[in-house]
>>> print(open('model06.cif').read())   # mmCIF, C-alpha atoms
data_structure
#
loop_
_atom_site.label_atom_id
_atom_site.label_comp_id
_atom_site.auth_asym_id
_atom_site.auth_seq_id
_atom_site.Cartn_x
_atom_site.Cartn_y
_atom_site.Cartn_z
CA MET A 22 121.12 154.87 105.94
CA PHE A 23 118.00 153.72 107.73
CA TYR A 24 116.39 155.64 110.58
CA THR A 25 113.10 156.35 112.30
CA ASN A 26 111.53 159.78 112.63
CA LYS A 27 109.79 161.22 115.74
CA SER A 28 106.66 159.17 115.15
CA GLY A 29 108.69 155.98 114.65
CA GLN A 30 108.23 155.63 110.88
CA LEU A 31 111.07 153.89 109.04
CA TYR A 32 112.97 155.92 106.41
CA LYS A 33 116.02 155.49 104.24
CA MET A 34 118.31 158.07 102.66
CA LYS A 35 121.73 158.40 101.09
CA ARG A 36 124.64 159.15 103.43
CA ASN A 37 124.78 162.72 102.15
CA GLY A 38 121.19 163.31 103.35
CA THR A 39 119.53 163.20 99.94
CA GLN A 40 116.85 160.92 98.51
CA LYS A 41 114.86 160.47 101.72
CA LYS A 42 112.15 157.86 101.28
CA VAL A 43 109.57 156.22 103.55
CA VAL A 44 110.25 152.48 103.89
CA SER A 45 107.30 151.68 106.17
CA LYS A 46 104.22 153.74 106.95
CA ASP A 47 103.78 151.89 110.26
CA LYS A 48 104.42 154.09 113.30
CA GLU A 49 106.15 153.55 116.65
CA LEU A 50 108.77 151.18 115.29
CA THR A 51 112.06 150.44 117.04
CA LEU A 52 114.92 149.31 114.80
CA ILE A 53 116.82 146.29 116.11
CA GLY A 54 119.06 145.18 113.27
CA LEU A 55 119.92 144.45 109.68
CA SER A 56 120.70 141.00 108.32
CA ASP A 57 120.97 139.85 104.72
CA ASP A 58 118.34 141.80 102.76
CA PHE A 59 116.07 142.60 105.72
CA ILE A 60 115.66 145.29 108.35
CA TYR A 61 114.31 144.00 111.66
CA TYR A 62 112.19 146.10 114.00
CA THR A 63 109.83 145.79 116.93
CA LYS A 64 106.35 147.15 117.30
CA TRP A 65 104.53 147.57 120.60
CA VAL A 66 101.35 145.54 121.11
CA ASN A 67 99.51 147.96 123.42
CA ASP A 68 96.77 145.70 124.73
CA LYS A 69 99.19 142.90 125.67
CA GLY A 70 102.21 144.81 126.99
CA VAL A 71 104.63 143.01 124.67
CA VAL A 72 106.44 143.68 121.39
CA ASP A 73 106.30 141.75 118.13
CA VAL A 74 109.35 141.47 115.85
CA TYR A 75 108.95 142.15 112.12
CA LYS A 76 111.20 142.23 109.10
CA ILE A 77 110.91 144.30 105.96
CA GLY A 78 112.63 143.41 102.70
CA LEU A 79 115.13 145.95 101.43
CA LYS A 80 114.45 144.99 97.82
CA ASP A 81 110.71 144.37 97.75
CA GLY A 82 109.49 146.34 100.82
CA LYS A 83 107.35 143.41 101.99
CA THR A 84 106.77 143.13 105.73
CA ALA A 85 106.53 139.83 107.63
CA LEU A 86 106.03 138.88 111.27
CA VAL A 87 109.12 137.15 112.72
CA LYS A 88 108.34 136.61 116.43
CA LYS A 89 105.28 137.44 118.56
CA GLY A 90 104.94 138.40 122.18
CA LEU A 91 108.36 139.26 123.58
CA PRO A 92 108.73 141.30 126.78
CA PRO A 93 108.93 145.07 126.19
CA ALA A 94 111.69 146.60 124.09
CA GLU A 95 113.81 147.87 127.00
CA ASN A 96 115.19 144.34 127.04
CA PRO A 97 117.49 144.11 124.04
CA ILE A 98 116.60 142.00 121.05
CA ILE A 99 119.63 141.24 118.89
CA VAL A 100 119.82 140.20 115.25
CA ALA A 101 123.05 138.28 114.64
CA GLY A 102 123.43 136.55 111.29
CA LYS A 103 120.62 134.01 110.89
CA HIS A 104 119.56 134.25 114.55
CA LEU A 105 117.44 136.45 116.76
CA TYR A 106 118.45 136.59 120.45
CA TYR A 107 115.96 137.82 123.02
CA ILE A 108 114.56 137.49 126.51
CA SER A 109 111.29 135.60 126.68
CA GLU A 110 108.89 134.79 129.45
CA ILE A 111 107.97 131.14 129.91
CA LYS A 112 105.66 130.27 132.82
CA ASP A 113 106.49 133.54 134.67
CA ALA A 114 110.26 132.90 134.33
CA HIS A 115 112.54 134.91 132.04
CA THR A 116 114.87 133.06 129.70
CA VAL A 117 117.52 134.06 127.18
CA GLY A 118 116.38 132.50 123.92
CA ARG A 119 117.44 132.20 120.31
CA MET A 120 115.39 131.81 117.15
CA ASN A 121 116.72 130.58 113.83
CA MET A 122 115.19 133.06 111.39
CA THR A 123 115.49 130.60 108.49
CA ASP A 124 113.28 127.86 109.94
CA GLY A 125 111.66 129.62 112.94
CA LYS A 126 113.01 127.08 115.45
CA THR A 127 113.44 128.52 118.94
CA THR A 128 115.93 127.37 121.57
CA PRO A 129 115.88 128.42 125.23
CA LEU A 130 119.51 129.06 126.21
CA TYR A 131 119.56 130.12 129.86
CA PRO A 132 117.02 130.79 132.63
CA LEU A 133 117.41 134.21 134.27
CA GLY A 134 116.86 134.75 137.99
CA SER A 135 115.70 138.30 137.37
CA ILE A 136 115.18 140.58 134.41
CA SER A 137 116.89 143.89 133.85
CA SER A 138 117.52 146.33 131.06
CA GLN A 139 120.58 145.75 128.91
CA ALA A 140 120.68 142.10 129.89
CA ILE A 141 121.90 141.02 126.41
CA ASN A 142 124.72 142.43 124.30
CA ILE A 143 126.86 141.37 121.37
CA GLY A 144 130.64 141.25 121.24
CA GLY A 145 132.61 139.65 118.43
CA ASP A 146 131.25 136.14 117.85
CA PHE A 147 129.50 136.00 121.24
CA ILE A 148 126.25 137.06 122.83
CA PHE A 149 126.83 138.19 126.43
CA PHE A 150 124.22 138.48 129.16
CA TYR A 151 124.21 138.84 132.88
CA ASP A 152 122.01 137.50 135.60
CA TYR A 153 121.49 138.40 139.23
CA GLN A 154 119.17 137.37 141.99
CA ALA A 155 116.53 139.93 142.95
CA SER A 156 117.81 139.80 146.54
CA ASP A 157 121.34 140.93 145.59
CA ARG A 158 121.59 143.20 142.53
CA ASP A 159 125.29 143.86 143.22
CA LYS A 160 126.19 140.21 142.67
CA LYS A 161 125.91 139.92 138.89
CA GLU A 162 127.21 136.94 136.97
CA LEU A 163 128.26 137.33 133.34
CA PHE A 164 127.63 134.59 130.76
CA LYS A 165 128.39 134.13 127.07
CA VAL A 166 127.25 131.90 124.23
CA LYS A 167 128.88 131.68 120.81
CA MET A 168 126.49 132.83 118.08
CA GLY A 169 124.50 129.91 116.70
CA GLU A 170 125.60 127.51 119.44
CA ASN A 171 123.88 126.27 122.61
CA LYS A 172 126.74 125.99 125.12
CA VAL A 173 126.45 128.80 127.68
CA GLU A 174 129.62 129.55 129.65
CA LYS A 175 130.11 131.64 132.77
CA VAL A 176 132.67 134.41 132.21
CA THR A 177 135.14 134.54 135.07
CA PRO A 178 137.76 137.21 135.72
CA LYS A 179 141.28 136.24 134.70
CA ALA A 180 143.91 136.05 137.41
CA LYS A 181 146.45 138.88 137.40
#
>>> encode(input="model06.cif", output="C-alpha cells")
Amino acid sequence: MFYTNKSGQLYKMKRNGTQKKVVSKDKELTLIGLSDDFIYYTKWVNDKGVVDVYKIGLKDGKTALVKKGLPPAENPIIVAGKHLYYISEIKDAHTVGRMNMTDGKTTPLYPLGSISSQAINIGGDFIFFYDYQASDRDKKELFKVKMGENKVEKVTPKAK
C-alpha cells in the first residue's frame, strides 16, 4: 500500500501494516494515481499558485517531472493508463486536457465555461466532466470522452 503521512511524505507498507518505508522525502505531496511502475503525485508551487505533477518509479525510486503549472489540486487530475487528464488554464480560459505520458504530447479536449471542484471523474473506459455557466450553476451539462480518444460527447438523460 502507498499513502502519505500528516506532512505529505510518501510511504509504502505491506497490507498487514508491516515494513513501512519512506518512498519520497518530499513533503506536501498529494497522490493522484498509479500506472505501470510509477506513482503519480502533485506538489504545490507556492509562489505561483499552481501544482506540478511528478512520478516516482516503484522499482528505482527515481523522481521525474511530468507536467508543470496546473491549476490547484482541488480540481481533479486523473491518471488513466498512458494518459493524464486535467484542467488547464489557457489565456484565462479553463480547458479539459489530456497528456500522453509516453511522448508528452498534450491535447485540449473541451473548453469549460467555468471551473469547479470535482469537474473531472473516471468511470469505466470514460472520463466524465461537467460544465456550467457562471450565471446559472444549477444548469450543469455532463460530457464524456473515451480514454485515449478526442471525441467529446454530451451525456443526455435516457427517455423513460
>>> resolve_selection(input="model06.cif", expression="the PyMOL selection byres ((chain A and resi 57) around 12)", output="JSON, numbers by chain")
{"A": [54, 55, 56, 58, 59, 60, 61, 76, 77, 78, 79, 80, 100, 101, 102, 103, 104, 122, 123]}
>>> atom_distance(input="model06.cif", atom1="atom CA of Thr128 of chain A", atom2="atom CA of Glu49 of chain A")
28.4 Å
>>> resolve_selection(input="model06.cif", expression="the PyMOL selection byres ((chain A and resi 168-171) around 10)", output="list in words")
Ala101, Gly102, Lys103, His104, Leu105, Tyr106, Gly118, Arg119, Met120, Asn121, Thr128, Pro129, Leu130, Tyr131, Ile143, Gly144, Gly145, Asp146, Phe147, Ile148, Phe149, Lys165, Val166, Lys167, Lys172, Val173 and Glu174 of chain A
>>> atom_distance(input="model06.cif", atom1="atom CA of Arg36 of chain A", atom2="atom CA of Phe23 of chain A")
9.6 Å
>>> residues_around(input="model06.cif", residues="Val176 of chain A", least_positions_apart="4", cutoff="8 Å", atoms="all atoms listed in the file", output="ChimeraX atom specification")
/A:162-165
